[in-house]
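Novice: What follows is model.cif; its format and atoms are mmCIF, C-alpha atoms.
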```cif
data_final
loop_
_atom_site.label_atom_id
_atom_site.label_comp_id
_atom_site.auth_asym_id
_atom_site.auth_seq_id
_atom_site.Cartn_x
_atom_site.Cartn_y
_atom_site.Cartn_z
CA MET A 22 -144.49 65.03 67.77
CA THR A 23 -146.79 67.94 68.60
CA ARG A 24 -148.42 69.31 65.48
CA LYS A 25 -147.79 72.98 64.82
CA ARG A 26 -150.54 75.05 63.25
CA ILE A 27 -149.01 77.39 60.72
CA SER A 28 -149.87 80.31 58.49
CA LEU A 29 -148.10 79.81 55.17
CA VAL A 30 -147.09 82.74 52.95
CA LEU A 31 -146.24 81.74 49.38
CA GLY A 32 -144.30 84.28 47.34
CA SER A 33 -144.25 85.12 43.64
CA GLY A 34 -141.43 84.28 41.25
CA GLY A 35 -142.61 82.61 38.06
CA ALA A 36 -141.57 78.99 37.56
CA ARG A 37 -139.67 79.02 40.85
CA GLY A 38 -143.14 78.95 42.41
CA LEU A 39 -143.33 75.25 41.56
CA ALA A 40 -141.01 74.81 44.55
CA HIS A 41 -144.08 75.61 46.69
CA ILE A 42 -145.34 72.09 45.98
CA GLY A 43 -142.26 70.46 47.53
CA ILE A 44 -142.35 72.92 50.41
CA ILE A 45 -145.95 72.03 51.26
CA GLU A 46 -145.14 68.32 50.98
CA CYS A 47 -142.21 68.64 53.38
CA LEU A 48 -144.10 70.78 55.91
CA THR A 49 -147.08 68.43 56.10
CA GLN A 50 -144.86 65.35 56.30
CA ASN A 51 -143.03 66.93 59.23
CA GLY A 52 -146.21 67.43 61.22
CA TYR A 53 -147.05 71.03 60.38
CA GLU A 54 -150.74 71.73 59.93
CA ILE A 55 -151.41 74.47 57.39
CA ARG A 56 -154.39 76.46 58.66
CA SER A 57 -154.00 79.61 56.57
CA ILE A 58 -152.41 80.52 53.23
CA ALA A 59 -151.69 83.89 51.65
CA GLY A 60 -150.19 83.86 48.18
CA SER A 61 -149.13 86.12 45.35
CA SER A 62 -148.94 85.08 41.68
CA MET A 63 -147.69 81.45 41.57
CA GLY A 64 -148.03 81.43 45.33
CA ALA A 65 -151.73 82.16 44.91
CA LEU A 66 -152.11 79.43 42.31
CA ILE A 67 -150.35 76.69 44.29
CA GLY A 68 -151.80 77.84 47.61
CA GLY A 69 -155.35 77.96 46.27
CA ILE A 70 -155.12 74.49 44.76
CA TYR A 71 -153.76 73.11 48.05
CA ALA A 72 -156.59 74.81 49.97
CA MET A 73 -159.03 72.97 47.69
CA GLY A 74 -157.38 69.67 48.58
CA LYS A 75 -156.29 69.02 45.00
CA LEU A 76 -152.54 69.63 45.07
CA ASP A 77 -151.78 65.99 44.29
CA VAL A 78 -153.96 66.19 41.16
CA TYR A 79 -152.20 69.36 40.00
CA THR A 80 -148.75 67.89 40.75
CA ARG A 81 -149.40 64.83 38.59
CA TRP A 82 -150.64 67.10 35.80
CA VAL A 83 -147.85 69.67 35.85
CA THR A 84 -145.07 67.06 36.06
CA ALA A 85 -146.48 65.18 33.07
CA LEU A 86 -146.81 68.11 30.65
CA GLU A 87 -145.43 67.32 27.23
CA LYS A 88 -144.33 69.74 24.53
CA LEU A 89 -147.66 69.68 22.70
CA ASP A 90 -149.48 70.28 25.99
CA VAL A 91 -147.46 73.42 26.56
CA ILE A 92 -148.19 74.68 23.05
CA ARG A 93 -151.90 74.01 23.49
CA LEU A 94 -152.02 76.04 26.72
CA LEU A 95 -150.39 79.12 25.19
CA ASP A 96 -153.33 81.24 24.04
CA PHE A 97 -151.51 83.96 22.14
CA SER A 98 -152.95 87.44 22.38
CA PHE A 99 -153.08 89.55 19.23
CA GLY A 100 -153.65 92.70 21.27
CA SER A 101 -151.01 94.91 22.81
CA ASN A 102 -151.60 94.24 26.51
CA GLY A 103 -149.85 90.90 26.88
CA LEU A 104 -148.15 88.07 25.01
CA PHE A 105 -150.75 85.56 26.24
CA LYS A 106 -154.41 85.87 27.21
CA GLY A 107 -153.95 83.55 30.18
CA GLN A 108 -157.52 82.22 30.12
CA ARG A 109 -156.80 78.84 28.56
CA ILE A 110 -154.64 77.68 31.45
CA ILE A 111 -157.31 78.77 33.95
CA ASP A 112 -160.02 76.92 32.00
CA GLU A 113 -157.79 73.82 31.97
CA LEU A 114 -157.30 74.02 35.73
CA ARG A 115 -161.02 74.46 36.32
CA THR A 116 -161.66 71.31 34.29
CA LEU A 117 -158.92 69.41 36.09
CA ILE A 118 -159.59 70.56 39.64
CA GLY A 119 -163.02 72.15 39.72
CA ASP A 120 -163.75 75.53 41.23
CA GLY A 121 -165.32 76.91 44.35
CA ASN A 122 -165.61 80.02 46.43
CA ILE A 123 -162.69 81.05 48.59
CA GLU A 124 -164.91 81.55 51.64
CA ASP A 125 -166.00 77.89 51.43
CA LEU A 126 -162.49 76.43 51.45
CA PRO A 127 -161.47 74.38 54.51
CA ILE A 128 -158.34 76.52 54.85
CA LYS A 129 -158.32 80.30 55.15
CA PHE A 130 -156.98 81.65 51.85
CA THR A 131 -155.98 85.06 50.52
CA ALA A 132 -154.79 85.84 46.98
CA VAL A 133 -153.11 89.13 46.09
CA ALA A 134 -153.54 91.08 42.85
CA THR A 135 -152.82 94.67 41.80
CA ASP A 136 -155.40 97.21 40.65
CA LEU A 137 -153.89 99.12 37.70
CA ASP A 138 -156.17 102.13 37.96
CA GLU A 139 -156.25 102.48 41.74
CA GLU A 140 -152.54 101.62 41.98
CA LYS A 141 -153.04 99.46 45.02
CA GLU A 142 -153.13 95.93 46.36
CA VAL A 143 -156.32 93.87 46.04
CA LEU A 144 -156.93 91.04 48.52
CA PHE A 145 -159.21 88.21 47.43
CA THR A 146 -160.73 86.53 50.50
CA SER A 147 -164.05 85.55 48.91
CA GLY A 148 -165.51 84.83 45.49
CA PRO A 149 -164.53 82.22 42.88
CA LEU A 150 -161.05 80.83 43.52
CA PHE A 151 -159.85 80.81 39.93
CA GLU A 152 -161.05 84.35 39.31
CA ALA A 153 -158.64 85.39 42.08
CA VAL A 154 -155.85 83.19 40.74
CA ARG A 155 -156.28 84.49 37.18
CA ALA A 156 -155.94 88.07 38.43
CA SER A 157 -152.93 87.28 40.60
CA ILE A 158 -150.90 85.65 37.80
CA SER A 159 -151.31 88.45 35.23
CA ILE A 160 -147.60 89.16 34.73
CA PRO A 161 -147.25 92.61 33.10
CA SER A 162 -146.57 92.46 29.33
CA ILE A 163 -146.63 88.65 29.40
CA VAL A 164 -150.14 87.73 30.58
CA ALA A 165 -152.95 90.17 29.75
CA PRO A 166 -154.56 92.08 32.65
CA TYR A 167 -157.76 90.55 34.00
CA ASN A 168 -160.95 92.58 33.99
CA TYR A 169 -162.77 91.64 37.18
CA GLN A 170 -165.92 93.52 38.17
CA GLY A 171 -164.81 96.52 36.15
CA ARG A 172 -161.29 96.60 37.56
CA GLN A 173 -158.12 95.98 35.53
CA LEU A 174 -156.05 93.61 37.67
CA ILE A 175 -152.48 92.43 37.23
CA ASP A 176 -149.92 90.27 39.05
CA GLY A 177 -149.90 90.57 42.84
CA GLY A 178 -146.11 90.60 42.83
CA VAL A 179 -146.16 94.15 41.46
CA VAL A 180 -147.17 95.50 44.90
CA ASN A 181 -146.76 92.59 47.30
CA PRO A 182 -144.75 89.52 46.25
CA LEU A 183 -144.70 88.14 49.81
CA PRO A 184 -148.08 88.88 51.47
CA ILE A 185 -147.38 88.35 55.17
CA ALA A 186 -149.78 91.01 56.51
CA PRO A 187 -152.99 89.05 55.68
CA THR A 188 -151.86 86.32 58.11
CA LEU A 189 -151.14 88.59 61.09
CA GLY A 190 -154.51 87.97 62.75
CA ASP A 191 -154.45 84.20 62.30
CA ASP A 192 -154.95 81.89 65.26
CA THR A 193 -151.89 79.79 64.48
CA ASP A 194 -148.63 78.90 66.21
CA LEU A 195 -146.16 79.97 63.54
CA THR A 196 -145.92 81.98 60.35
CA VAL A 197 -143.80 80.40 57.62
CA ALA A 198 -142.89 82.57 54.63
CA VAL A 199 -141.45 81.32 51.34
CA ASN A 200 -139.21 83.82 49.56
CA LEU A 201 -138.55 82.82 45.95
CA GLY A 202 -135.96 85.57 45.56
CA GLY A 203 -133.31 84.14 47.87
CA LYS A 204 -129.59 84.72 47.43
CA PRO A 205 -128.12 83.07 44.33
CA GLN A 206 -126.47 79.72 44.91
CA LYS A 207 -123.72 78.41 42.66
CA LYS A 208 -124.85 74.81 42.54
CA ILE A 209 -127.73 72.86 44.01
CA GLU A 210 -127.52 69.09 43.96
CA VAL A 211 -131.05 67.81 43.47
CA LYS A 212 -131.67 64.50 45.22
CA THR A 213 -134.79 62.57 44.31
CA ARG A 214 -136.55 61.21 47.37
CA GLU A 215 -136.91 57.46 47.69
CA GLY A 216 -140.23 56.28 46.35
CA VAL A 217 -140.92 59.53 44.48
CA ASP A 218 -140.85 59.41 40.69
CA ARG A 219 -139.41 62.72 39.48
CA SER A 220 -137.72 61.38 36.35
CA ARG A 221 -137.99 63.67 33.36
CA LYS A 222 -139.24 62.32 30.06
CA ALA A 223 -137.15 63.13 27.03
CA ASP A 224 -139.85 65.38 25.59
CA HIS A 225 -139.56 67.70 28.57
CA LEU A 226 -136.00 68.49 27.55
CA ARG A 227 -137.16 69.60 24.12
CA ILE A 228 -139.54 72.13 25.67
CA ILE A 229 -136.47 74.19 26.58
CA GLN A 230 -135.66 74.91 22.96
CA PHE A 231 -139.30 75.55 22.11
CA ILE A 232 -139.82 78.13 24.87
CA ASP A 233 -136.51 79.83 24.14
CA ASP A 234 -137.36 80.11 20.45
CA LEU A 235 -140.85 81.39 21.22
CA LEU A 236 -139.81 84.15 23.58
CA ARG A 237 -136.70 85.24 21.74
CA GLN A 238 -137.78 84.97 18.10
CA LYS A 239 -138.06 88.74 17.67
CA THR A 240 -134.54 89.29 18.92
CA ALA A 241 -132.76 86.71 16.82
CA SER A 242 -130.53 89.30 15.18
CA ARG A 243 -129.16 90.73 18.42
CA SER A 244 -125.69 89.85 19.70
CA GLU A 245 -125.33 87.06 22.25
CA ASP A 246 -124.60 89.48 25.10
CA GLU A 247 -127.41 91.90 24.29
CA LEU A 248 -130.57 91.71 26.37
CA GLY A 249 -133.83 91.29 24.50
CA MET A 250 -137.14 92.90 25.45
CA PHE A 251 -138.36 89.79 27.27
CA ASP A 252 -135.10 89.52 29.23
CA ILE A 253 -135.41 93.14 30.36
CA ILE A 254 -139.06 92.71 31.44
CA VAL A 255 -138.30 89.58 33.45
CA LYS A 256 -135.14 90.95 35.06
CA SER A 257 -136.92 94.18 35.96
CA MET A 258 -139.83 92.29 37.53
CA THR A 259 -137.41 90.09 39.44
CA ILE A 260 -135.46 93.04 40.85
CA MET A 261 -138.68 94.79 41.87
CA GLU A 262 -140.17 91.69 43.51
CA ASN A 263 -136.96 90.87 45.39
CA THR A 264 -136.76 94.41 46.78
CA LEU A 265 -140.41 94.43 47.85
CA ALA A 266 -140.08 90.97 49.42
CA GLN A 267 -137.18 92.16 51.59
CA ILE A 268 -139.30 95.09 52.76
CA GLN A 269 -142.12 92.72 53.71
CA LEU A 270 -139.75 90.45 55.62
CA ALA A 271 -138.31 93.41 57.53
CA THR A 272 -141.73 94.92 58.27
CA TYR A 273 -143.51 91.70 59.30
CA PRO A 274 -140.80 89.22 60.36
CA PRO A 275 -142.18 85.66 60.12
CA ASP A 276 -141.13 82.86 62.46
CA ILE A 277 -139.55 80.81 59.68
CA VAL A 278 -138.32 81.92 56.25
CA ILE A 279 -137.68 79.35 53.53
CA GLU A 280 -135.40 80.82 50.88
CA ILE A 281 -135.37 79.52 47.31
CA PRO A 282 -132.31 80.87 45.42
CA ARG A 283 -133.44 83.18 42.64
CA ASN A 284 -131.03 81.61 40.13
CA VAL A 285 -132.35 78.03 40.35
CA CYS A 286 -134.39 78.46 37.17
CA ASN A 287 -135.55 81.12 34.76
CA PHE A 288 -138.88 82.85 35.19
CA TYR A 289 -140.59 80.87 32.42
CA GLU A 290 -139.06 77.39 32.87
CA PHE A 291 -142.26 75.65 33.94
CA TYR A 292 -141.09 72.43 32.28
CA ARG A 293 -138.71 71.98 35.24
CA ALA A 294 -141.53 71.13 37.66
CA ARG A 295 -139.99 67.92 38.97
CA GLU A 296 -136.68 69.58 39.72
CA MET A 297 -138.25 72.61 41.38
CA ILE A 298 -140.48 70.45 43.59
CA GLU A 299 -137.43 68.58 44.85
CA ILE A 300 -135.50 71.80 45.46
CA GLY A 301 -138.45 73.12 47.47
CA TYR A 302 -138.55 69.95 49.55
CA GLN A 303 -134.79 69.98 50.18
CA LYS A 304 -134.66 73.66 51.13
CA THR A 305 -137.54 73.14 53.56
CA GLU A 306 -135.81 70.17 55.18
CA GLU A 307 -132.66 72.25 55.60
CA THR A 308 -134.58 75.21 57.06
CA LEU A 309 -136.50 73.04 59.53
CA ARG A 310 -133.28 71.40 60.74
CA GLU A 311 -131.72 74.79 61.34
CA ALA A 312 -134.85 76.05 63.14
CA ARG A 313 -134.86 73.21 65.67
#
```
Once you've parsed the file, please lay out its structure as structure tokens.

Specialist:
Amino acid sequence: MTRKRISLVLGSGGARGLAHIGIIECLTQNGYEIRSIAGSSMGALIGGIYAMGKLDVYTRWVTALEKLDVIRLLDFSFGSNGLFKGQRIIDELRTLIGDGNIEDLPIKFTAVATDLDEEKEVLFTSGPLFEAVRASISIPSIVAPYNYQGRQLIDGGVVNPLPIAPTLGDDTDLTVAVNLGGKPQKKIEVKTREGVDRSRKADHLRIIQFIDDLLRQKTASRSEDELGMFDIIVKSMTIMENTLAQIQLATYPPDIVIEIPRNVCNFYEFYRAREMIEIGYQKTEETLREAR
């Protein structure tokens, strides 16, 4: 099979971004050579780690997180600009994976963030990788903005959840874009690949109750049908990102679009890493079959 050199665009979408791992696995196993990556939010995180050659290390780590690990990584902010500081997870990743400058990576990489004061997109194509990732994952009201060289930066998904434009000048054969805001799907049967251990430990199931209690504790008195503040923030971000992603797809049509249904998991369900990886792999297989 002739290898195809591709530019890979990894979109934002919270925990659904863990599907990027399965997508990358499927693409590389099917002979696609990733020569360039542009990512926003979780797309920047996964894409940057892959560009460093450490995606397997991250995958083992994220699929083995236990309840106490999750608690330890949540560095609560006592200020008013975000629920979490977001620095502890970045420090953990630096320890686990190391760090380096984007311009030294073997794969061209671009991370997208948003400048609060200038009200515009910021493209990271050089400098420390995890500085760029930290800025790109600063979800408004949830993760505190990141002060980088005097600029207040927040999540790249606010302005560009699917950054296709940075790949337009690439010397590659195809552009593959991953949209994490695909049409809702009623039911997805997740099939574990032979030889791949994606079993979930019992403690992972208990994380569900912990996260729900944490994020909804201030709205315990509301009725079951009433949306809490966190629900409204997440739903608003999702609507905005989905709309902007469709504009990007219409403006810069990629050769292949891999769609992950936006209802496969909630924004914060990072404990479902194994399941999301498999969904990403399956959706990529389906898309590649249809593209042939």

Novice: Could you jot down the atom CA of A:Phe145 to atom CA of A:Leu76 separation for me, Å, one decimal place?

Specialist: 19.9 Å

Novice: Of the residues A:Phe105, A:Trp82, A:Tyr71, A:Tyr302, which is the one nearest to A:Ile160, using all atoms listed in the file?

Specialist: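 Once distances to A:Ile160 are computed over all atoms listed in the file, the minimum belongs to A:Phe105.
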
Novice: Around all listed atoms of stretch 26-45 of chain A, padded 4 Å per side, what centre and edge lengths does the axis-aligned box have in Å to one decimal, as AutoDock Vina command-line options?

Specialist:
```
--center_x -145.1 --center_y 77.8 --center_z 50.4 --size_x 18.9 --size_y 22.7 --size_z 33.7
```

Novice: Any idea what's packed within 8 Å of A:Leu183, counting all atoms listed in the file, ignoring anything in its chain fewer than 3 positions away? Could you give it as a list in words?

Specialist: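 Once the adjacent positions are removed, what remains is Val30, Leu31, Gly32, Ser33, Gly60, Ser61, Gly178, Ala198, Val199, Asn200, Leu265, Ala266, Gln269 and Leu270 of chain A.
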
Novice: Kindly provide, as a PyMOL selection string, the polymer residues lying within 8 Å of (-159.0, 81.7, 32.9), counting all atoms listed in the file and using the coordinates exactly as they appear in the file.

Specialist: chain A and resi 107-112+151-152+155

Novice: Keeping C-alpha atoms for every residue in the selection just given, could you write it to a file as an mmCIF file, in the frame of the given file?

Specialist:
```cif
data_model
loop_
_atom_site.group_PDB
_atom_site.id
_atom_site.type_symbol
_atom_site.label_atom_id
_atom_site.label_comp_id
_atom_site.auth_asym_id
_atom_site.auth_seq_id
_atom_site.Cartn_x
_atom_site.Cartn_y
_atom_site.Cartn_z
ATOM 1 C CA GLY A 107 -153.950 83.550 30.180
ATOM 2 C CA GLN A 108 -157.520 82.220 30.120
ATOM 3 C CA ARG A 109 -156.800 78.840 28.560
ATOM 4 C CA ILE A 110 -154.640 77.680 31.450
ATOM 5 C CA ILE A 111 -157.310 78.770 33.950
ATOM 6 C CA ASP A 112 -160.020 76.920 32.000
ATOM 7 C CA PHE A 151 -159.850 80.810 39.930
ATOM 8 C CA GLU A 152 -161.050 84.350 39.310
ATOM 9 C CA ARG A 155 -156.280 84.490 37.180
#
```

Novice: Which residue is closest to A:Ser159? Choose from A:Leu66, A:Ile185, A:Leu144, A:Ile209 and count all atoms listed in the file.

Specialist: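 That would be A:Leu66, the residue with the smallest distance to A:Ser159.
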
Novice: Enumerate, as a ChimeraX atom specification, the protein, DNA and RNA residues whose atoms approach (-126.5, 74.8, 43.9) to within 12 Å, taking into account only C-alpha atoms and the coordinate frame of the file.

Specialist: /A:204-212,281-286,300,303-304

Novice: Could you take the residues named above and write them with C-alpha atoms, as a PDB file, in the coordinates of the input?

Specialist:
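Final file, part_12.pdb:
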```
ATOM      1  CA  LYS A 204    -129.590  84.720  47.430  1.00  0.00           C
ATOM      2  CA  PRO A 205    -128.120  83.070  44.330  1.00  0.00           C
ATOM      3  CA  GLN A 206    -126.470  79.720  44.910  1.00  0.00           C
ATOM      4  CA  LYS A 207    -123.720  78.410  42.660  1.00  0.00           C
ATOM      5  CA  LYS A 208    -124.850  74.810  42.540  1.00  0.00           C
ATOM      6  CA  ILE A 209    -127.730  72.860  44.010  1.00  0.00           C
ATOM      7  CA  GLU A 210    -127.520  69.090  43.960  1.00  0.00           C
ATOM      8  CA  VAL A 211    -131.050  67.810  43.470  1.00  0.00           C
ATOM      9  CA  LYS A 212    -131.670  64.500  45.220  1.00  0.00           C
ATOM     10  CA  ILE A 281    -135.370  79.520  47.310  1.00  0.00           C
ATOM     11  CA  PRO A 282    -132.310  80.870  45.420  1.00  0.00           C
ATOM     12  CA  ARG A 283    -133.440  83.180  42.640  1.00  0.00           C
ATOM     13  CA  ASN A 284    -131.030  81.610  40.130  1.00  0.00           C
ATOM     14  CA  VAL A 285    -132.350  78.030  40.350  1.00  0.00           C
ATOM     15  CA  CYS A 286    -134.390  78.460  37.170  1.00  0.00           C
ATOM     16  CA  ILE A 300    -135.500  71.800  45.460  1.00  0.00           C
ATOM     17  CA  GLN A 303    -134.790  69.980  50.180  1.00  0.00           C
ATOM     18  CA  LYS A 304    -134.660  73.660  51.130  1.00  0.00           C
TER      19      LYS A 304
END
```

Novice: Do you have the atom CA of A:Asp77-atom CA of A:Glu299 distance handy?

Specialist: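 Straight-line distance from atom CA of A:Asp77 to atom CA of A:Glu299 works out to 14.6 Å.
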
Novice: Atom CA of A:Pro166 and atom CA of A:Pro127 are how many Å apart?

Specialist: 29.0 Å

Novice: The PyMOL selection byres ((chain A and resi 44) around 8) on the file shown: which residues, as a list in words?

Specialist: Ala40, His41, Ile42, Gly43, Ile45, Glu46, Cys47, Leu48, Ile298, Gly301, Tyr302, Lys304 and Thr305 of chain A

Novice: Skip stretch 174-177 of chain A itself and residues of its chain fewer than 3 positions away, then list as a ChimeraX atom specification all residues within 10 Å of it, counting only C-alpha atoms.

Specialist: /A:32-33,60-65,132-144,153-162,164-171,180-184,262

Novice: Could you save the residues just selected, with C-alpha atoms, as a short mmCIF file (atom, residue, chain, number, x, y, z; two decimals), in the frame of the given file?

Specialist:
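Output (again30.cif):
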```cif
data_model
loop_
_atom_site.label_atom_id
_atom_site.label_comp_id
_atom_site.auth_asym_id
_atom_site.auth_seq_id
_atom_site.Cartn_x
_atom_site.Cartn_y
_atom_site.Cartn_z
CA GLY A 32 -144.30 84.28 47.34
CA SER A 33 -144.25 85.12 43.64
CA GLY A 60 -150.19 83.86 48.18
CA SER A 61 -149.13 86.12 45.35
CA SER A 62 -148.94 85.08 41.68
CA MET A 63 -147.69 81.45 41.57
CA GLY A 64 -148.03 81.43 45.33
CA ALA A 65 -151.73 82.16 44.91
CA ALA A 132 -154.79 85.84 46.98
CA VAL A 133 -153.11 89.13 46.09
CA ALA A 134 -153.54 91.08 42.85
CA THR A 135 -152.82 94.67 41.80
CA ASP A 136 -155.40 97.21 40.65
CA LEU A 137 -153.89 99.12 37.70
CA ASP A 138 -156.17 102.13 37.96
CA GLU A 139 -156.25 102.48 41.74
CA GLU A 140 -152.54 101.62 41.98
CA LYS A 141 -153.04 99.46 45.02
CA GLU A 142 -153.13 95.93 46.36
CA VAL A 143 -156.32 93.87 46.04
CA LEU A 144 -156.93 91.04 48.52
CA ALA A 153 -158.64 85.39 42.08
CA VAL A 154 -155.85 83.19 40.74
CA ARG A 155 -156.28 84.49 37.18
CA ALA A 156 -155.94 88.07 38.43
CA SER A 157 -152.93 87.28 40.60
CA ILE A 158 -150.90 85.65 37.80
CA SER A 159 -151.31 88.45 35.23
CA ILE A 160 -147.60 89.16 34.73
CA PRO A 161 -147.25 92.61 33.10
CA SER A 162 -146.57 92.46 29.33
CA VAL A 164 -150.14 87.73 30.58
CA ALA A 165 -152.95 90.17 29.75
CA PRO A 166 -154.56 92.08 32.65
CA TYR A 167 -157.76 90.55 34.00
CA ASN A 168 -160.95 92.58 33.99
CA TYR A 169 -162.77 91.64 37.18
CA GLN A 170 -165.92 93.52 38.17
CA GLY A 171 -164.81 96.52 36.15
CA VAL A 180 -147.17 95.50 44.90
CA ASN A 181 -146.76 92.59 47.30
CA PRO A 182 -144.75 89.52 46.25
CA LEU A 183 -144.70 88.14 49.81
CA PRO A 184 -148.08 88.88 51.47
CA GLU A 262 -140.17 91.69 43.51
#
```

Novice: Check which residues satisfy the PyMOL selection byres ((chain A and resi 130) around 6) in the file shown, then give them as a list in words.

Specialist: Ser57, Ile58, Ala59, Lys129 and Thr131 of chain A

Novice: Restricting the calculation to all atoms listed in the file, which member of A:Ile55, A:Ser28, A:Met258, A:Thr80 is positioned closest to A:Pro187?

Specialist: A:Ser28

Novice: Counting only C-alpha atoms, figure out which residue out of A:Thr308, A:Thr146, A:Ser257, A:Asn287 gets nearest to A:Thr188.

Specialist: A:Thr146

Novice: Nearest to A:Tyr273: which of A:Leu86, A:Glu113, A:Thr196, A:Gly69 is it, counting only C-alpha atoms?

Specialist: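 Comparing A:Leu86, A:Glu113, A:Thr196, A:Gly69 against A:Tyr273, the winner is A:Thr196.
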
Novice: Since the input is missing atoms, can you rebuild N, CA and C atoms for stretch 148-161 of chain A and write them as a PDB file, in the coordinates of the input?

Specialist:
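Saved file part-v3.pdb follows:
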```pdb
ATOM      1  N   GLY A 148    -165.258  84.895  46.928  1.00  0.00           N
ATOM      2  CA  GLY A 148    -165.510  84.830  45.490  1.00  0.00           C
ATOM      3  C   GLY A 148    -164.857  83.604  44.868  1.00  0.00           C
ATOM      4  N   PRO A 149    -165.076  83.385  43.567  1.00  0.00           N
ATOM      5  CA  PRO A 149    -164.530  82.220  42.880  1.00  0.00           C
ATOM      6  C   PRO A 149    -163.003  82.155  42.962  1.00  0.00           C
ATOM      7  N   LEU A 150    -162.494  80.998  43.338  1.00  0.00           N
ATOM      8  CA  LEU A 150    -161.050  80.830  43.520  1.00  0.00           C
ATOM      9  C   LEU A 150    -160.254  81.174  42.271  1.00  0.00           C
ATOM     10  N   PHE A 151    -160.664  80.624  41.129  1.00  0.00           N
ATOM     11  CA  PHE A 151    -159.850  80.810  39.930  1.00  0.00           C
ATOM     12  C   PHE A 151    -160.000  82.187  39.299  1.00  0.00           C
ATOM     13  N   GLU A 152    -161.010  82.950  39.703  1.00  0.00           N
ATOM     14  CA  GLU A 152    -161.050  84.350  39.310  1.00  0.00           C
ATOM     15  C   GLU A 152    -159.897  85.079  40.016  1.00  0.00           C
ATOM     16  N   ALA A 153    -159.713  84.779  41.297  1.00  0.00           N
ATOM     17  CA  ALA A 153    -158.640  85.390  42.080  1.00  0.00           C
ATOM     18  C   ALA A 153    -157.270  84.978  41.553  1.00  0.00           C
ATOM     19  N   VAL A 154    -157.129  83.693  41.241  1.00  0.00           N
ATOM     20  CA  VAL A 154    -155.850  83.190  40.740  1.00  0.00           C
ATOM     21  C   VAL A 154    -155.521  83.822  39.393  1.00  0.00           C
ATOM     22  N   ARG A 155    -156.517  83.901  38.506  1.00  0.00           N
ATOM     23  CA  ARG A 155    -156.280  84.490  37.180  1.00  0.00           C
ATOM     24  C   ARG A 155    -155.785  85.928  37.308  1.00  0.00           C
ATOM     25  N   ALA A 156    -156.379  86.692  38.224  1.00  0.00           N
ATOM     26  CA  ALA A 156    -155.940  88.070  38.430  1.00  0.00           C
ATOM     27  C   ALA A 156    -154.522  88.109  38.982  1.00  0.00           C
ATOM     28  N   SER A 157    -154.221  87.230  39.914  1.00  0.00           N
ATOM     29  CA  SER A 157    -152.930  87.280  40.600  1.00  0.00           C
ATOM     30  C   SER A 157    -151.757  86.879  39.723  1.00  0.00           C
ATOM     31  N   ILE A 158    -152.004  86.123  38.647  1.00  0.00           N
ATOM     32  CA  ILE A 158    -150.900  85.650  37.800  1.00  0.00           C
ATOM     33  C   ILE A 158    -150.738  86.468  36.525  1.00  0.00           C
ATOM     34  N   SER A 159    -151.371  87.637  36.450  1.00  0.00           N
ATOM     35  CA  SER A 159    -151.310  88.450  35.230  1.00  0.00           C
ATOM     36  C   SER A 159    -150.000  89.239  35.157  1.00  0.00           C
ATOM     37  N   ILE A 160    -148.934  88.559  34.786  1.00  0.00           N
ATOM     38  CA  ILE A 160    -147.600  89.160  34.730  1.00  0.00           C
ATOM     39  C   ILE A 160    -147.579  90.269  33.673  1.00  0.00           C
ATOM     40  N   PRO A 161    -147.225  91.489  34.047  1.00  0.00           N
ATOM     41  CA  PRO A 161    -147.250  92.610  33.100  1.00  0.00           C
ATOM     42  C   PRO A 161    -146.488  92.318  31.805  1.00  0.00           C
TER      43      PRO A 161
END
```
